[in-house]
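Asker: Structure in structure tokens, see below.
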Amino acid sequence: MPGDKTLPQPVEHFPALALEAREEEVPLTGLLVRDQDLTGADLSGLELRSVTFEHCRFPGCDWWGASFTDVSFHTCDLSGGRFDGSWWLRFALTDCRGLGMRLPRARMRQGSITGCRLSEAQFGGGKLRETHFSDCDLTGAAFSECVFQKVALTRCDLTRASFVHTLLKGVDLTTCAIDALVLSEGCRELQGAVVDLWQAAGLARRLGVIVKE
């Protein structure tokens, strides 16, 4: 787990523990949660520190305003989850399913998102800093009006992903699929982005430039 060296304590009934933490307004710290199904649960406002989730199901859960510090999700289903205004610090999502996750205005810092299926995920208005996406399906994902600082995208499928009003200066896209990116008129978002010759030719055609072979 990122940033944590202590062994987490296994939890058998996370829903009851989460409800108690919400009522008493105290953080949940140092936990290991495995093989639990919390489909549709209200987990809004939770503060999680040094918590590991493994093989858990959270489809449609409400995580509005939740805080995740040194938290890891491994092979979990977060599809349709609502993480509006959430805070993430030193986090990891590995081999998770998060179709249509909603993370508008989320703040994410010092995290890794690896091997995740996040098609149609919504990151609009978020602030992402030192966050690395690798080997992820981000088809149709929305990163509109985000602030990127030291964000890395490696071997990701960004087909039809939206970056309207999100500057990609310094972001290396050479290992990613970038077909049909959704951009503002003039493709200003790509100024300073790193692309290969093949990708550059495709982008040039979008701008009306004829590339002569």
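Chain labels A, B, ... are given in the sequence in which chains occur in the structure tokens; within each chain residues are numbered consecutively from 1, and ligands are likewise numbered from 1 in the order shown.
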Write out as a PyMOL selection string the set of residues from chain A that DSSP, computed on the backbone, places in strand (DSSP E).
Answerer: chain A and resi 9-11+28-34+47-54+67-69+72-74+87-94+107-114+127-134+147-149+152-154
Asker: Stretch 49-120 of chain A near stretch 9-31 of chain A within 6 Å: what's each residue's closest atom pair and its distance in Å to one decimal, counting only C-alpha atoms, ordered by chain then ascending residue number, as CSV?
Answerer:
```
residue,atom,partner,partner_atom,distance
A:Arg49,CA,A:Thr29,CA,4.7
A:Ser50,CA,A:Gly30,CA,4.8
A:Val51,CA,A:Leu31,CA,4.7
```
Asker: Any idea what's packed within 8 Å of A:Val71, counting only C-alpha atoms, ignoring anything in its chain fewer than 3 positions away? Could you give it as JSON, numbers by chain?
Answerer: {"A": [1, 2, 48, 49, 50, 51, 52, 53, 68, 90, 91, 92]}
Asker: Using only C-alpha atoms, determine which residues lie at most 6 Å from stretch 114-120 of chain A, disregarding the query and same-chain residues fewer than 6 positions distant; provide the list as number ranges by chain.
Answerer: A: 94-100, 133-141
Asker: Keeping only all heavy atoms, take the residues you just selected and write them out as a tab-separated table (two decimals), in the first residue's frame.
Answerer:
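Resulting contents of selection.tsv:
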```tsv
chain	number	residue	atom	x	y	z
A	94	THR	N	-5.74	-0.85	-9.10
A	94	THR	CA	-5.07	-1.87	-9.91
A	94	THR	C	-6.07	-2.91	-10.39
A	94	THR	O	-6.78	-3.52	-9.59
A	94	THR	CB	-3.97	-2.57	-9.08
A	94	THR	OG1	-3.09	-1.58	-8.52
A	94	THR	CG2	-3.17	-3.51	-9.96
A	95	ASP	N	-6.13	-3.10	-11.70
A	95	ASP	CA	-7.00	-4.12	-12.31
A	95	ASP	C	-8.45	-3.98	-11.85
A	95	ASP	O	-9.13	-4.97	-11.56
A	95	ASP	CB	-6.48	-5.52	-11.99
A	95	ASP	CG	-5.10	-5.78	-12.58
A	95	ASP	OD1	-4.82	-5.23	-13.67
A	95	ASP	OD2	-4.31	-6.50	-11.96
A	96	CYS	N	-8.92	-2.75	-11.76
A	96	CYS	CA	-10.29	-2.49	-11.33
A	96	CYS	C	-11.21	-2.23	-12.52
A	96	CYS	O	-10.77	-1.84	-13.60
A	96	CYS	CB	-10.33	-1.29	-10.38
A	96	CYS	SG	-9.58	-1.59	-8.77
A	97	ARG	N	-12.49	-2.43	-12.28
A	97	ARG	CA	-13.52	-2.13	-13.27
A	97	ARG	C	-14.27	-0.89	-12.78
A	97	ARG	O	-14.83	-0.90	-11.69
A	97	ARG	CB	-14.48	-3.32	-13.41
A	97	ARG	CG	-15.50	-3.22	-14.53
A	97	ARG	CD	-16.26	-4.53	-14.64
A	97	ARG	NE	-17.15	-4.57	-15.77
A	97	ARG	CZ	-18.44	-4.24	-15.75
A	97	ARG	NH1	-18.99	-3.86	-14.58
A	97	ARG	NH2	-19.18	-4.31	-16.82
A	98	GLY	N	-14.25	0.16	-13.62
A	98	GLY	CA	-14.88	1.40	-13.20
A	98	GLY	C	-15.64	2.06	-14.33
A	98	GLY	O	-15.47	3.26	-14.58
A	99	LEU	N	-16.46	1.28	-15.01
A	99	LEU	CA	-17.21	1.82	-16.15
A	99	LEU	C	-18.15	2.93	-15.68
A	99	LEU	O	-18.94	2.74	-14.76
A	99	LEU	CB	-18.01	0.71	-16.84
A	99	LEU	CG	-17.25	-0.59	-17.16
A	99	LEU	CD1	-18.14	-1.56	-17.91
A	99	LEU	CD2	-15.99	-0.29	-17.97
A	100	GLY	N	-18.03	4.09	-16.30
A	100	GLY	CA	-18.94	5.19	-15.98
A	100	GLY	C	-18.76	5.78	-14.59
A	100	GLY	O	-19.66	6.44	-14.08
A	133	PHE	N	-1.57	6.97	-15.24
A	133	PHE	CA	-2.47	5.98	-15.82
A	133	PHE	C	-1.64	5.07	-16.72
A	133	PHE	O	-0.94	5.56	-17.62
A	133	PHE	CB	-3.53	6.65	-16.69
A	133	PHE	CG	-4.51	7.52	-15.95
A	133	PHE	CD1	-4.20	8.84	-15.63
A	133	PHE	CD2	-5.77	7.05	-15.60
A	133	PHE	CE1	-5.10	9.66	-14.98
A	133	PHE	CE2	-6.68	7.86	-14.95
A	133	PHE	CZ	-6.34	9.17	-14.63
A	134	SER	N	-1.71	3.76	-16.52
A	134	SER	CA	-0.99	2.84	-17.40
A	134	SER	C	-1.86	1.63	-17.74
A	134	SER	O	-2.57	1.11	-16.89
A	134	SER	CB	0.33	2.39	-16.76
A	134	SER	OG	0.11	1.74	-15.53
A	135	ASP	N	-1.83	1.25	-19.02
A	135	ASP	CA	-2.55	0.07	-19.51
A	135	ASP	C	-4.03	0.13	-19.16
A	135	ASP	O	-4.63	-0.88	-18.75
A	135	ASP	CB	-1.91	-1.21	-18.95
A	135	ASP	CG	-0.45	-1.33	-19.34
A	135	ASP	OD1	-0.16	-1.52	-20.53
A	135	ASP	OD2	0.42	-1.20	-18.45
A	136	CYS	N	-4.63	1.30	-19.30
A	136	CYS	CA	-6.05	1.48	-18.95
A	136	CYS	C	-6.92	1.68	-20.19
A	136	CYS	O	-6.49	2.26	-21.19
A	136	CYS	CB	-6.21	2.70	-18.04
A	136	CYS	SG	-5.54	2.48	-16.39
A	137	ASP	N	-8.15	1.20	-20.11
A	137	ASP	CA	-9.16	1.47	-21.11
A	137	ASP	C	-9.90	2.74	-20.69
A	137	ASP	O	-10.68	2.72	-19.74
A	137	ASP	CB	-10.14	0.30	-21.21
A	137	ASP	CG	-11.27	0.56	-22.21
A	137	ASP	OD1	-11.28	1.64	-22.84
A	137	ASP	OD2	-12.15	-0.32	-22.34
A	138	LEU	N	-9.62	3.84	-21.39
A	138	LEU	CA	-10.24	5.12	-21.10
A	138	LEU	C	-11.08	5.60	-22.28
A	138	LEU	O	-11.25	6.80	-22.49
A	138	LEU	CB	-9.16	6.16	-20.76
A	138	LEU	CG	-8.42	5.94	-19.43
A	138	LEU	CD1	-7.11	6.72	-19.40
A	138	LEU	CD2	-9.30	6.34	-18.26
A	139	THR	N	-11.63	4.65	-23.04
A	139	THR	CA	-12.43	5.02	-24.19
A	139	THR	C	-13.65	5.81	-23.75
A	139	THR	O	-14.38	5.41	-22.85
A	139	THR	CB	-12.88	3.77	-24.97
A	139	THR	OG1	-13.56	2.87	-24.08
A	139	THR	CG2	-11.69	3.04	-25.57
A	140	GLY	N	-13.83	6.95	-24.39
A	140	GLY	CA	-15.00	7.78	-24.08
A	140	GLY	C	-14.93	8.48	-22.74
A	140	GLY	O	-15.92	9.09	-22.31
A	141	ALA	N	-13.80	8.41	-22.06
A	141	ALA	CA	-13.68	9.08	-20.75
A	141	ALA	C	-13.66	10.60	-20.94
A	141	ALA	O	-13.24	11.10	-21.98
A	141	ALA	CB	-12.42	8.63	-20.03
```
Asker: In Å to one decimal, how far is atom CA of A:Leu103 from atom CA of A:Asp172?
Answerer: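 Going from atom CA of A:Asp172 over to atom CA of A:Leu103, I get 23.0 Å.
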Asker: Take atom CA of A:Leu38 and atom CA of A:Phe83 and report the distance between them in Å, one decimal.
Answerer: 15.0 Å
Asker: Do you know which residues are at most 8 Å from A:Gln191 counting only C-alpha atoms, after dropping those on the same chain fewer than 6 positions away, and could you put them as a VMD selection string?
Answerer: chain A and resid 167 to 169
Asker: Looking at A:Thr159, A:Thr166, A:Thr154, A:Thr69, which one is nearest to A:Leu128, with distances taken over only C-alpha atoms?
Answerer: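 Of all the options, A:Thr166 lies closest to A:Leu128.
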Asker: Calculated over only C-alpha atoms, which of the candidates A:Leu43, A:Leu93, A:Met101, A:Met108 has the smallest distance to A:Gly81?
Answerer: A:Met101
Asker: Rank nothing, just name the residue among A:Phe73, A:Val151, A:Asp84, A:Ala161 nearest to A:Gln110, using only C-alpha atoms.
Answerer: A:Val151
